[in-house]
>>> print(open('model_4.cif').read())   # mmCIF, C-alpha atoms (C1' of nucleotides)
data_coords
#
loop_
_atom_site.label_atom_id
_atom_site.label_comp_id
_atom_site.auth_asym_id
_atom_site.auth_seq_id
_atom_site.Cartn_x
_atom_site.Cartn_y
_atom_site.Cartn_z
CA MET A 10 8.21 3.07 75.15
CA HIS A 11 9.79 0.07 76.79
CA HIS A 12 10.67 -1.52 73.51
CA ALA A 13 14.35 -2.35 73.91
CA PRO A 14 13.75 -6.06 74.61
CA GLU A 15 11.69 -6.45 71.45
CA VAL A 16 14.20 -4.59 69.34
CA LEU A 17 17.10 -6.60 70.76
CA LYS A 18 15.31 -9.86 70.05
CA LYS A 19 14.28 -8.81 66.58
CA GLU A 20 17.86 -7.88 65.74
CA GLY A 21 19.16 -11.23 66.96
CA HIS A 22 20.68 -10.10 70.23
CA LYS A 23 20.25 -12.05 73.44
CA LEU A 24 18.14 -10.87 76.33
CA THR A 25 20.57 -11.26 79.17
CA PRO A 26 19.78 -10.14 82.71
CA GLN A 27 22.58 -7.58 82.45
CA ARG A 28 21.02 -5.96 79.41
CA LEU A 29 17.60 -5.94 80.95
CA MET A 30 18.89 -4.34 84.13
CA ILE A 31 20.77 -1.67 82.26
CA TRP A 32 17.69 -0.87 80.20
CA HIS A 33 15.58 -0.82 83.33
CA ILE A 34 17.83 1.72 84.98
CA LEU A 35 17.86 3.86 81.86
CA GLN A 36 14.08 3.96 82.04
CA ALA A 37 14.24 5.56 85.46
CA GLY A 38 17.01 8.12 85.06
CA ARG A 39 18.24 10.80 82.77
CA HIS A 40 21.81 11.51 81.76
CA LEU A 41 23.49 8.67 83.61
CA SER A 42 27.13 7.75 83.19
CA ALA A 43 28.28 4.18 82.64
CA GLU A 44 29.66 4.32 86.16
CA ASP A 45 26.31 5.51 87.55
CA ILE A 46 24.54 2.61 85.93
CA HIS A 47 27.14 0.16 87.08
CA GLN A 48 26.89 1.28 90.69
CA GLU A 49 23.13 1.21 90.60
CA ILE A 50 23.15 -2.41 89.48
CA GLU A 51 25.84 -3.40 91.95
CA LYS A 52 23.52 -2.44 94.79
CA LYS A 53 21.20 -5.31 93.99
CA PHE A 54 23.22 -7.67 91.84
CA PRO A 55 26.89 -7.39 92.68
CA GLY A 56 29.23 -8.83 90.12
CA ILE A 57 28.31 -7.09 86.89
CA ASP A 58 31.35 -5.71 85.10
CA LEU A 59 31.74 -2.11 84.01
CA THR A 60 32.89 -3.44 80.64
CA THR A 61 29.53 -5.06 80.14
CA VAL A 62 27.83 -1.79 80.86
CA TYR A 63 29.94 -0.05 78.24
CA ARG A 64 29.34 -2.79 75.70
CA THR A 65 25.62 -2.78 76.30
CA LEU A 66 25.41 0.98 76.03
CA GLU A 67 27.34 0.86 72.79
CA LEU A 68 24.87 -1.70 71.46
CA LEU A 69 21.85 0.31 72.56
CA VAL A 70 23.29 3.44 71.00
CA ARG A 71 23.88 1.54 67.76
CA LEU A 72 20.25 0.41 67.79
CA GLU A 73 19.24 4.00 68.51
CA LEU A 74 17.53 3.03 71.72
CA VAL A 75 19.89 5.17 73.74
CA GLN A 76 21.63 8.44 73.10
CA GLU A 77 25.12 9.30 74.24
CA SER A 78 26.08 12.86 75.09
CA ARG A 79 29.22 14.54 76.24
CA PHE A 80 28.76 17.43 78.55
CA PRO A 81 31.31 20.13 79.32
CA VAL A 82 32.39 18.26 82.45
CA GLY A 83 32.34 14.64 83.51
CA PRO A 84 32.10 11.37 81.66
CA HIS A 85 29.77 10.45 78.81
CA GLN A 86 26.11 10.51 79.66
CA TYR A 87 23.46 8.15 78.43
CA GLU A 88 19.71 8.29 78.28
CA ALA A 89 16.97 6.31 76.61
CA THR A 90 15.88 7.82 73.32
CA ASP A 91 12.27 7.73 74.41
CA LYS A 92 13.20 10.04 77.26
CA LEU A 93 14.46 12.72 74.94
CA GLY A 94 11.90 15.34 73.81
CA HIS A 95 13.99 17.81 75.77
CA SER A 96 17.44 19.28 75.62
CA HIS A 97 20.15 20.07 78.09
CA ILE A 98 21.59 23.14 79.60
CA ILE A 99 24.81 22.35 81.41
CA CYS A 100 26.94 24.37 83.75
CA ARG A 101 30.51 24.42 82.50
CA LYS A 102 31.85 24.68 86.04
CA CYS A 103 29.83 22.32 88.21
CA GLY A 104 28.32 20.18 85.47
CA ARG A 105 24.80 20.54 86.78
CA VAL A 106 22.32 19.61 84.09
CA HIS A 107 18.93 21.21 83.59
CA HIS A 108 16.35 20.43 80.96
CA PHE A 109 14.31 22.64 78.76
CA ASP A 110 11.60 22.11 76.25
CA VAL A 111 12.74 22.30 72.72
CA ALA A 112 9.42 23.27 71.20
CA ASP A 113 10.51 26.59 69.77
CA LEU A 114 14.20 25.94 69.42
CA LEU A 115 13.63 22.69 67.64
CA ALA A 116 12.08 24.31 64.61
CA ALA A 117 15.10 26.57 64.28
CA ALA A 118 17.51 23.69 64.87
CA ASN A 119 15.80 21.68 62.19
CA ARG A 120 16.17 24.50 59.71
CA ILE A 121 19.87 24.65 60.51
CA CYS A 122 20.22 20.92 60.04
CA GLU A 123 18.71 21.11 56.61
CA ASN A 124 20.94 23.93 55.59
CA GLN A 125 24.01 22.07 56.77
CA ASP A 126 23.07 18.76 55.22
CA PHE A 127 22.48 16.95 58.47
CA SER A 128 19.65 14.65 59.38
CA CYS A 129 16.85 16.29 61.34
CA ALA A 130 15.89 13.10 63.16
CA ASP A 131 16.95 12.92 66.78
CA VAL A 132 18.65 16.26 66.87
CA GLU A 133 20.20 17.01 70.21
CA LEU A 134 20.59 20.58 71.30
CA ASN A 135 22.93 21.42 74.15
CA ILE A 136 23.51 24.80 75.62
CA SER A 137 26.45 25.33 77.88
CA SER A 138 26.99 28.27 80.10
CA VAL A 139 27.79 28.90 83.74
CA CYS A 140 25.09 28.64 86.34
CA ASN A 141 24.57 31.62 88.58
CA ASP A 142 25.59 29.63 91.65
CA CYS A 143 29.03 29.09 90.20
CA LEU A 144 29.18 32.69 89.15
CA LYS A 145 28.57 33.77 92.75
CA LYS A 146 31.22 31.39 94.06
CA ASP A 147 33.71 32.80 91.57
CA ARG A 148 33.15 36.27 92.93
CA SER A 149 33.92 35.24 96.50
CA MET B 17 40.81 40.73 69.36
CA HIS B 18 44.35 39.62 69.95
CA HIS B 19 44.25 40.56 73.59
CA ALA B 20 45.51 37.47 75.34
CA PRO B 21 49.02 38.84 75.90
CA GLU B 22 47.66 41.93 77.62
CA VAL B 23 45.26 39.97 79.76
CA LEU B 24 47.97 37.52 80.77
CA LYS B 25 50.30 40.33 81.74
CA LYS B 26 47.62 42.21 83.61
CA GLU B 27 46.74 39.10 85.61
CA GLY B 28 50.37 38.53 86.54
CA HIS B 29 51.10 35.61 84.23
CA LYS B 30 54.28 35.37 82.24
CA LEU B 31 54.44 35.78 78.51
CA THR B 32 56.38 32.70 77.54
CA PRO B 33 57.01 31.73 73.94
CA GLN B 34 54.93 28.60 74.47
CA ARG B 35 51.92 30.61 75.53
CA LEU B 36 52.29 33.03 72.68
CA MET B 37 52.57 30.22 70.15
CA ILE B 38 49.51 28.46 71.51
CA TRP B 39 47.54 31.68 71.40
CA HIS B 40 48.78 32.35 67.88
CA ILE B 41 47.57 29.00 66.67
CA LEU B 42 44.22 29.48 68.35
CA GLN B 43 43.87 32.70 66.37
CA ALA B 44 44.11 30.80 63.13
CA GLY B 45 41.97 27.75 63.76
CA ARG B 46 38.66 26.71 65.16
CA HIS B 47 37.89 23.77 67.37
CA LEU B 48 41.40 22.44 67.78
CA SER B 49 42.36 19.69 70.20
CA ALA B 50 45.34 19.96 72.55
CA GLU B 51 47.04 17.41 70.35
CA ASP B 52 46.32 19.46 67.20
CA ILE B 53 47.91 22.51 68.75
CA HIS B 54 50.86 20.52 70.00
CA GLN B 55 51.57 19.04 66.59
CA GLU B 56 51.22 22.40 64.90
CA ILE B 57 53.85 23.90 67.17
CA GLU B 58 56.16 20.90 66.87
CA LYS B 59 56.44 21.56 63.14
CA LYS B 60 58.33 24.78 63.76
CA PHE B 61 59.56 24.55 67.33
CA PRO B 62 60.08 20.93 68.30
CA GLY B 63 60.34 20.28 72.00
CA ILE B 64 57.19 21.76 73.46
CA ASP B 65 55.45 19.37 75.80
CA LEU B 66 51.82 18.34 75.49
CA THR B 67 51.48 19.01 79.21
CA THR B 68 52.34 22.63 78.63
CA VAL B 69 49.65 22.85 76.00
CA TYR B 70 47.09 21.45 78.43
CA ARG B 71 48.21 23.77 81.19
CA THR B 72 48.12 26.80 78.97
CA LEU B 73 44.69 25.94 77.65
CA GLU B 74 43.43 25.52 81.18
CA LEU B 75 44.78 28.96 82.04
CA LEU B 76 43.27 30.58 78.97
CA VAL B 77 39.94 28.96 79.71
CA ARG B 78 40.10 30.23 83.27
CA LEU B 79 40.77 33.74 81.95
CA GLU B 80 37.85 33.27 79.54
CA LEU B 81 40.07 33.85 76.55
CA VAL B 82 39.41 30.36 75.24
CA GLN B 83 36.42 28.10 75.34
CA GLU B 84 36.55 24.36 75.75
CA SER B 85 33.93 22.14 74.16
CA ARG B 86 33.32 18.45 74.09
CA PHE B 87 31.85 17.13 70.93
CA PRO B 88 30.10 13.79 70.47
CA VAL B 89 33.32 12.23 69.21
CA GLY B 90 36.99 12.94 69.76
CA PRO B 91 38.95 14.82 72.38
CA HIS B 92 38.18 18.21 73.89
CA GLN B 93 38.18 21.09 71.46
CA TYR B 94 39.41 24.59 72.09
CA GLU B 95 38.85 27.88 70.40
CA ALA B 96 39.50 31.51 71.15
CA THR B 97 36.51 33.24 72.68
CA ASP B 98 36.75 36.02 70.15
CA LYS B 99 36.19 33.46 67.43
CA LEU B 100 32.87 32.42 68.88
CA GLY B 101 29.85 34.37 67.56
CA HIS B 102 28.79 31.05 66.07
CA SER B 103 27.81 27.64 67.28
CA HIS B 104 28.52 24.10 66.27
CA ILE B 105 26.67 21.37 64.56
CA ILE B 106 28.51 18.09 64.94
CA CYS B 107 28.06 14.72 63.32
CA ARG B 108 27.74 12.05 65.97
CA LYS B 109 29.32 9.47 63.68
CA CYS B 110 32.21 11.13 61.89
CA GLY B 111 32.65 14.12 64.18
CA ARG B 112 32.65 16.61 61.36
CA VAL B 113 31.96 20.08 62.66
CA HIS B 114 30.00 22.75 60.86
CA HIS B 115 29.22 26.23 62.04
CA PHE B 116 26.06 28.23 61.98
CA ASP B 117 25.09 31.70 62.93
CA VAL B 118 23.34 31.98 66.20
CA ALA B 119 21.50 35.20 65.48
CA ASP B 120 18.00 33.83 65.87
CA LEU B 121 18.75 30.92 68.15
CA LEU B 122 20.72 33.05 70.53
CA ALA B 123 17.75 35.07 71.60
CA ALA B 124 15.87 31.90 72.42
CA ALA B 125 18.89 30.39 74.18
CA ASN B 126 19.25 33.53 76.28
CA ARG B 127 15.63 33.30 77.33
CA ILE B 128 16.20 29.72 78.38
CA CYS B 129 19.29 30.67 80.34
CA GLU B 130 17.39 33.25 82.30
CA ASN B 131 14.61 30.84 83.09
CA GLN B 132 17.08 28.27 84.31
CA ASP B 133 19.18 30.65 86.36
CA PHE B 134 22.23 30.45 84.15
CA SER B 135 24.42 33.26 82.97
CA CYS B 136 23.67 34.46 79.46
CA ALA B 137 27.22 35.53 78.75
CA ASP B 138 29.17 33.29 76.41
CA VAL B 139 26.43 30.81 75.89
CA GLU B 140 27.48 27.93 73.70
CA LEU B 141 24.89 26.13 71.68
CA ASN B 142 25.71 22.77 70.20
CA ILE B 143 23.51 20.69 68.01
CA SER B 144 24.38 17.11 67.40
CA SER B 145 22.90 14.94 64.75
CA VAL B 146 24.15 12.67 62.00
CA CYS B 147 25.37 14.15 58.76
CA ASN B 148 23.76 12.89 55.59
CA ASP B 149 27.04 11.43 54.36
CA CYS B 150 27.14 9.10 57.35
CA LEU B 151 23.48 8.32 56.87
CA LYS B 152 24.17 7.22 53.31
CA LYS B 153 27.12 5.09 54.40
CA ASP B 154 24.94 3.41 57.01
CA ARG B 155 22.46 2.36 54.37
CA SER B 156 25.09 0.66 52.22
"C1'" DC C 1 24.79 -27.70 71.22
"C1'" DT C 2 26.27 -23.47 69.19
"C1'" DC C 3 27.16 -18.97 69.18
"C1'" DT C 4 26.79 -14.69 71.60
"C1'" DG C 5 27.72 -12.32 75.77
"C1'" DT C 6 30.22 -11.87 80.11
"C1'" DG C 7 34.01 -11.20 83.30
"C1'" DC C 8 38.61 -10.42 84.04
"C1'" DA C 9 42.93 -8.54 82.82
"C1'" DA C 10 45.35 -5.70 80.21
"C1'" DA C 11 45.76 -1.86 76.93
"C1'" DA C 12 44.55 2.47 74.84
"C1'" DA C 13 43.31 7.22 74.82
"C1'" DT C 14 43.02 11.49 77.07
"C1'" DT C 15 44.02 14.49 80.80
"C1'" DT C 16 46.22 15.63 85.31
"C1'" DT C 17 49.84 15.87 88.89
"C1'" DG C 18 54.62 16.04 91.22
"C1'" DC C 19 58.96 17.55 91.10
"C1'" DA C 20 63.53 19.16 89.56
"C1'" DT C 21 65.20 22.58 86.39
"C1'" DT C 22 64.78 26.64 83.50
"C1'" DT C 23 63.02 31.07 82.36
"C1'" DT C 24 60.63 35.47 82.81
"C1'" DG C 25 60.07 39.91 84.83
"C1'" DC D 2 66.93 36.98 92.38
"C1'" DA D 3 62.34 35.18 93.23
"C1'" DA D 4 58.33 33.48 91.56
"C1'" DA D 5 56.23 31.22 87.99
"C1'" DA D 6 56.42 28.11 84.00
"C1'" DT D 7 58.35 24.18 81.57
"C1'" DG D 8 59.65 19.37 80.62
"C1'" DC D 9 59.71 14.87 81.91
"C1'" DA D 10 57.91 10.93 84.19
"C1'" DA D 11 54.39 8.95 86.34
"C1'" DA D 12 49.51 8.65 87.68
"C1'" DA D 13 44.62 9.21 87.08
"C1'" DT D 14 40.44 8.85 84.53
"C1'" DT D 15 37.60 7.09 81.12
"C1'" DT D 16 36.87 3.87 77.48
"C1'" DT D 17 38.23 -0.14 74.54
"C1'" DT D 18 40.06 -4.75 73.35
"C1'" DG D 19 41.48 -9.88 73.73
"C1'" DC D 20 40.45 -14.08 75.30
"C1'" DA D 21 38.67 -18.07 77.98
"C1'" DC D 22 34.51 -19.44 80.09
"C1'" DA D 23 29.49 -19.21 80.91
"C1'" DG D 24 24.80 -18.86 79.53
"C1'" DA D 25 20.86 -17.85 76.20
"C1'" DG D 26 18.25 -19.59 72.54
#
>>> encode(input="model_4.cif", output="structure tokens")
Amino acid sequence: MHHAPEVLKKEGHKLTPQRLMIWHILQAGRHLSAEDIHQEIEKKFPGIDLTTVYRTLELLVRLELVQESRFPVGPHQYEATDKLGHSHIICRKCGRVHHFDVADLLAAANRICENQDFSCADVELNISSVCNDCLKKDRS
Amino acid sequence: MHHAPEVLKKEGHKLTPQRLMIWHILQAGRHLSAEDIHQEIEKKFPGIDLTTVYRTLELLVRLELVQESRFPVGPHQYEATDKLGHSHIICRKCGRVHHFDVADLLAAANRICENQDFSCADVELNISSVCNDCLKKDRS
DNA sequence: CTCTGTGCAAAAATTTTGCATTTTG
DNA sequence: CAAAATGCAAAATTTTTGCACAGAG
């Protein structure tokens, strides 16, 4: 779904080149930091401000077009909501992020949400552990 | 398990009053920030530095006596490893944290860890969503 | 033409580092 | 006494805010 432009317009927000570029980059990548996005844009269109990236991400999160996550290491990560359908497993040491399908876990997570009086829409499930690479390095 | 003092000693670290107080507070509470712990100590023993709290938490995390988590809102949260046996469900808006038993989810999470070449020990499973209170507020 | 969005600069919030002094074992 | 830990000050990192100017509708 590439529907951010329509949603922005419908909600009375302007379609600036900055916003379109940020959205475009979010379509390509998963779990990007504001800094990642900023650098990516700078390659082709130098001059965009990091502040603008933060403000745009905040707007997109508010409109539920983007989801923000905090992983055990590193800065906040952003990804387009339509990229979700998966969850993260993050190494607490090196920060490497893997994905897994939520199929089976999601049902259980939804049950938990109901029990705890949380909304079941857009549940995010993050597992953190230590990847075996880091475990090996620790031993040496 | 109140074993931090023994582990510290065994690993050649000193048992300072600051460390003991921090550990003591971690025994009582769940998901505390460095600032929370600092303020708690200041009530009875003014003068401890926030830096010391951070350094001690880092040490305890390194010794796997404490686990650090980042939730969707707010600063890093710390809790004693022996308090774990549960996972978190966090509201992305207000940051309220609930707990749930991992019994059933843990088996699934462990399977995922193995598939992804992560260690299954001390897996942390965090669900983030929006609590129904915040959902109601949004509507008004 | 108006109002929203941007860039720049500065601040805020959180965490980390350097170094002189104190404390533990 | 020697090594390690603390406090203080300063820096680093990440994110947020204020304001004048520019650009979208």
>>> interface_residues(input="model_4.cif", of="chain B", to="chain A", cutoff="6 Å", atoms="only C-alpha atoms", output="list in words")
Arg86, Pro88, Asp133, Phe134, Ser135, Val139, Glu140, Leu141, Asn142, Ile143, Ser144, Ser145, Val146, Cys147 and Asn148 of chain B
>>> calpha_fit_and_write(input="model_4.cif", fixed="chain A", moving="chain B", output="PDB file with C-alpha atoms, in the frame of the given file")
ATOM      1  CA  MET B  17       8.194   3.155  75.195  1.00  0.00           C
ATOM      2  CA  HIS B  18       9.774   0.161  76.823  1.00  0.00           C
ATOM      3  CA  HIS B  19      10.656  -1.417  73.526  1.00  0.00           C
ATOM      4  CA  ALA B  20      14.308  -2.268  73.897  1.00  0.00           C
ATOM      5  CA  PRO B  21      13.697  -5.961  74.599  1.00  0.00           C
ATOM      6  CA  GLU B  22      11.671  -6.345  71.420  1.00  0.00           C
ATOM      7  CA  VAL B  23      14.176  -4.476  69.319  1.00  0.00           C
ATOM      8  CA  LEU B  24      17.052  -6.504  70.726  1.00  0.00           C
ATOM      9  CA  LYS B  25      15.262  -9.750  69.999  1.00  0.00           C
ATOM     10  CA  LYS B  26      14.246  -8.675  66.531  1.00  0.00           C
ATOM     11  CA  GLU B  27      17.834  -7.741  65.696  1.00  0.00           C
ATOM     12  CA  GLY B  28      19.110 -11.104  66.893  1.00  0.00           C
ATOM     13  CA  HIS B  29      20.649  -9.994  70.178  1.00  0.00           C
ATOM     14  CA  LYS B  30      20.217 -11.949  73.360  1.00  0.00           C
ATOM     15  CA  LEU B  31      18.114 -10.790  76.248  1.00  0.00           C
ATOM     16  CA  THR B  32      20.538 -11.203  79.102  1.00  0.00           C
ATOM     17  CA  PRO B  33      19.751 -10.095  82.630  1.00  0.00           C
ATOM     18  CA  GLN B  34      22.552  -7.545  82.403  1.00  0.00           C
ATOM     19  CA  ARG B  35      21.010  -5.911  79.374  1.00  0.00           C
ATOM     20  CA  LEU B  36      17.578  -5.870  80.904  1.00  0.00           C
ATOM     21  CA  MET B  37      18.876  -4.315  84.109  1.00  0.00           C
ATOM     22  CA  ILE B  38      20.776  -1.631  82.240  1.00  0.00           C
ATOM     23  CA  TRP B  39      17.717  -0.822  80.179  1.00  0.00           C
ATOM     24  CA  HIS B  40      15.586  -0.766  83.314  1.00  0.00           C
ATOM     25  CA  ILE B  41      17.841   1.750  84.966  1.00  0.00           C
ATOM     26  CA  LEU B  42      17.901   3.901  81.860  1.00  0.00           C
ATOM     27  CA  GLN B  43      14.111   4.003  82.054  1.00  0.00           C
ATOM     28  CA  ALA B  44      14.272   5.592  85.462  1.00  0.00           C
ATOM     29  CA  GLY B  45      17.045   8.133  85.097  1.00  0.00           C
ATOM     30  CA  ARG B  46      18.310  10.807  82.806  1.00  0.00           C
ATOM     31  CA  HIS B  47      21.858  11.514  81.792  1.00  0.00           C
ATOM     32  CA  LEU B  48      23.544   8.681  83.633  1.00  0.00           C
ATOM     33  CA  SER B  49      27.186   7.736  83.200  1.00  0.00           C
ATOM     34  CA  ALA B  50      28.334   4.152  82.643  1.00  0.00           C
ATOM     35  CA  GLU B  51      29.691   4.260  86.161  1.00  0.00           C
ATOM     36  CA  ASP B  52      26.341   5.480  87.552  1.00  0.00           C
ATOM     37  CA  ILE B  53      24.545   2.591  85.922  1.00  0.00           C
ATOM     38  CA  HIS B  54      27.153   0.124  87.077  1.00  0.00           C
ATOM     39  CA  GLN B  55      26.910   1.241  90.685  1.00  0.00           C
ATOM     40  CA  GLU B  56      23.134   1.192  90.596  1.00  0.00           C
ATOM     41  CA  ILE B  57      23.133  -2.421  89.471  1.00  0.00           C
ATOM     42  CA  GLU B  58      25.837  -3.437  91.937  1.00  0.00           C
ATOM     43  CA  LYS B  59      23.526  -2.458  94.788  1.00  0.00           C
ATOM     44  CA  LYS B  60      21.170  -5.306  93.976  1.00  0.00           C
ATOM     45  CA  PHE B  61      23.169  -7.674  91.807  1.00  0.00           C
ATOM     46  CA  PRO B  62      26.849  -7.422  92.648  1.00  0.00           C
ATOM     47  CA  GLY B  63      29.187  -8.866  90.073  1.00  0.00           C
ATOM     48  CA  ILE B  64      28.285  -7.104  86.859  1.00  0.00           C
ATOM     49  CA  ASP B  65      31.322  -5.761  85.075  1.00  0.00           C
ATOM     50  CA  LEU B  66      31.742  -2.159  83.988  1.00  0.00           C
ATOM     51  CA  THR B  67      32.877  -3.477  80.615  1.00  0.00           C
ATOM     52  CA  THR B  68      29.508  -5.086  80.119  1.00  0.00           C
ATOM     53  CA  VAL B  69      27.826  -1.795  80.852  1.00  0.00           C
ATOM     54  CA  TYR B  70      29.961  -0.063  78.233  1.00  0.00           C
ATOM     55  CA  ARG B  71      29.332  -2.785  75.693  1.00  0.00           C
ATOM     56  CA  THR B  72      25.620  -2.761  76.273  1.00  0.00           C
ATOM     57  CA  LEU B  73      25.433   1.000  76.021  1.00  0.00           C
ATOM     58  CA  GLU B  74      27.348   0.884  72.774  1.00  0.00           C
ATOM     59  CA  LEU B  75      24.862  -1.649  71.432  1.00  0.00           C
ATOM     60  CA  LEU B  76      21.854   0.360  72.547  1.00  0.00           C
ATOM     61  CA  VAL B  77      23.314   3.476  70.990  1.00  0.00           C
ATOM     62  CA  ARG B  78      23.893   1.602  67.755  1.00  0.00           C
ATOM     63  CA  LEU B  79      20.255   0.474  67.799  1.00  0.00           C
ATOM     64  CA  GLU B  80      19.260   4.088  68.508  1.00  0.00           C
ATOM     65  CA  LEU B  81      17.548   3.111  71.721  1.00  0.00           C
ATOM     66  CA  VAL B  82      19.930   5.226  73.767  1.00  0.00           C
ATOM     67  CA  GLN B  83      21.681   8.477  73.122  1.00  0.00           C
ATOM     68  CA  GLU B  84      25.167   9.320  74.268  1.00  0.00           C
ATOM     69  CA  SER B  85      26.121  12.880  75.128  1.00  0.00           C
ATOM     70  CA  ARG B  86      29.267  14.538  76.287  1.00  0.00           C
ATOM     71  CA  PHE B  87      28.799  17.421  78.601  1.00  0.00           C
ATOM     72  CA  PRO B  88      31.349  20.122  79.398  1.00  0.00           C
ATOM     73  CA  VAL B  89      32.422  18.247  82.516  1.00  0.00           C
ATOM     74  CA  GLY B  90      32.399  14.613  83.551  1.00  0.00           C
ATOM     75  CA  PRO B  91      32.168  11.340  81.687  1.00  0.00           C
ATOM     76  CA  HIS B  92      29.835  10.431  78.841  1.00  0.00           C
ATOM     77  CA  GLN B  93      26.164  10.500  79.688  1.00  0.00           C
ATOM     78  CA  TYR B  94      23.505   8.142  78.449  1.00  0.00           C
ATOM     79  CA  GLU B  95      19.771   8.297  78.287  1.00  0.00           C
ATOM     80  CA  ALA B  96      17.002   6.363  76.629  1.00  0.00           C
ATOM     81  CA  THR B  97      15.928   7.883  73.341  1.00  0.00           C
ATOM     82  CA  ASP B  98      12.319   7.809  74.418  1.00  0.00           C
ATOM     83  CA  LYS B  99      13.230  10.097  77.282  1.00  0.00           C
ATOM     84  CA  LEU B 100      14.518  12.761  74.947  1.00  0.00           C
ATOM     85  CA  GLY B 101      11.905  15.328  73.829  1.00  0.00           C
ATOM     86  CA  HIS B 102      14.015  17.811  75.764  1.00  0.00           C
ATOM     87  CA  SER B 103      17.485  19.222  75.623  1.00  0.00           C
ATOM     88  CA  HIS B 104      20.180  20.038  78.099  1.00  0.00           C
ATOM     89  CA  ILE B 105      21.596  23.121  79.612  1.00  0.00           C
ATOM     90  CA  ILE B 106      24.823  22.341  81.420  1.00  0.00           C
ATOM     91  CA  CYS B 107      26.973  24.354  83.767  1.00  0.00           C
ATOM     92  CA  ARG B 108      30.534  24.419  82.514  1.00  0.00           C
ATOM     93  CA  LYS B 109      31.864  24.676  86.059  1.00  0.00           C
ATOM     94  CA  CYS B 110      29.833  22.334  88.227  1.00  0.00           C
ATOM     95  CA  GLY B 111      28.331  20.187  85.486  1.00  0.00           C
ATOM     96  CA  ARG B 112      24.818  20.520  86.789  1.00  0.00           C
ATOM     97  CA  VAL B 113      22.323  19.597  84.119  1.00  0.00           C
ATOM     98  CA  HIS B 114      18.951  21.204  83.614  1.00  0.00           C
ATOM     99  CA  HIS B 115      16.383  20.403  80.992  1.00  0.00           C
ATOM    100  CA  PHE B 116      14.307  22.597  78.787  1.00  0.00           C
ATOM    101  CA  ASP B 117      11.622  22.052  76.262  1.00  0.00           C
ATOM    102  CA  VAL B 118      12.755  22.256  72.725  1.00  0.00           C
ATOM    103  CA  ALA B 119       9.420  23.183  71.210  1.00  0.00           C
ATOM    104  CA  ASP B 120      10.481  26.506  69.757  1.00  0.00           C
ATOM    105  CA  LEU B 121      14.177  25.847  69.397  1.00  0.00           C
ATOM    106  CA  LEU B 122      13.614  22.582  67.635  1.00  0.00           C
ATOM    107  CA  ALA B 123      12.071  24.174  64.613  1.00  0.00           C
ATOM    108  CA  ALA B 124      15.063  26.450  64.265  1.00  0.00           C
ATOM    109  CA  ALA B 125      17.498  23.585  64.867  1.00  0.00           C
ATOM    110  CA  ASN B 126      15.767  21.536  62.182  1.00  0.00           C
ATOM    111  CA  ARG B 127      16.128  24.374  59.717  1.00  0.00           C
ATOM    112  CA  ILE B 128      19.815  24.540  60.503  1.00  0.00           C
ATOM    113  CA  CYS B 129      20.193  20.806  60.051  1.00  0.00           C
ATOM    114  CA  GLU B 130      18.678  20.955  56.617  1.00  0.00           C
ATOM    115  CA  ASN B 131      20.905  23.805  55.580  1.00  0.00           C
ATOM    116  CA  GLN B 132      23.964  21.942  56.751  1.00  0.00           C
ATOM    117  CA  ASP B 133      23.038  18.615  55.218  1.00  0.00           C
ATOM    118  CA  PHE B 134      22.455  16.846  58.498  1.00  0.00           C
ATOM    119  CA  SER B 135      19.638  14.542  59.415  1.00  0.00           C
ATOM    120  CA  CYS B 136      16.861  16.179  61.398  1.00  0.00           C
ATOM    121  CA  ALA B 137      15.918  13.023  63.243  1.00  0.00           C
ATOM    122  CA  ASP B 138      16.960  12.873  66.874  1.00  0.00           C
ATOM    123  CA  VAL B 139      18.636  16.208  66.924  1.00  0.00           C
ATOM    124  CA  GLU B 140      20.227  16.979  70.251  1.00  0.00           C
ATOM    125  CA  LEU B 141      20.613  20.552  71.308  1.00  0.00           C
ATOM    126  CA  ASN B 142      22.938  21.397  74.142  1.00  0.00           C
ATOM    127  CA  ILE B 143      23.525  24.776  75.626  1.00  0.00           C
ATOM    128  CA  SER B 144      26.458  25.311  77.874  1.00  0.00           C
ATOM    129  CA  SER B 145      26.975  28.262  80.099  1.00  0.00           C
ATOM    130  CA  VAL B 146      27.785  28.890  83.736  1.00  0.00           C
ATOM    131  CA  CYS B 147      25.073  28.616  86.333  1.00  0.00           C
ATOM    132  CA  ASN B 148      24.535  31.607  88.567  1.00  0.00           C
ATOM    133  CA  ASP B 149      25.540  29.639  91.652  1.00  0.00           C
ATOM    134  CA  CYS B 150      29.002  29.105  90.200  1.00  0.00           C
ATOM    135  CA  LEU B 151      29.120  32.724  89.140  1.00  0.00           C
ATOM    136  CA  LYS B 152      28.471  33.803  92.714  1.00  0.00           C
ATOM    137  CA  LYS B 153      31.127  31.439  94.050  1.00  0.00           C
ATOM    138  CA  ASP B 154      33.628  32.853  91.574  1.00  0.00           C
ATOM    139  CA  ARG B 155      33.074  36.342  92.894  1.00  0.00           C
ATOM    140  CA  SER B 156      33.795  35.364  96.493  1.00  0.00           C
TER     141      SER B 156
END
>>> interface_residues(input="model_4.cif", of="chain A", to="chain C", cutoff="10 Å", atoms="only C-alpha atoms (C1' of nucleotides)", output="ChimeraX atom specification")
/A:21-25,27-28,56-61,64-65
>>> atom_distance(input="model_4.cif", atom1="CA of Ile41 in chain B", atom2="CA of Arg112 in chain B")
20.1 Å
>>> resolve_selection(input="model_4.cif", expression="the PyMOL selection byres ((chain D) within 8 of (chain B))", output="list in words")
DA5, DA6, DT7 and DG8 of chain D
>>> resolve_selection(input="model_4.cif", expression="the PyMOL selection byres ((chain B and resi 20) around 9)", output="list in words")
Met17, His18, His19, Pro21, Glu22, Val23, Leu24, Lys25, Leu36, Trp39, Leu76, Leu79 and Leu81 of chain B
>>> atom_distance(input="model_4.cif", atom1="CA of Val106 in chain A", atom2="CA of His40 in chain A")
8.4 Å
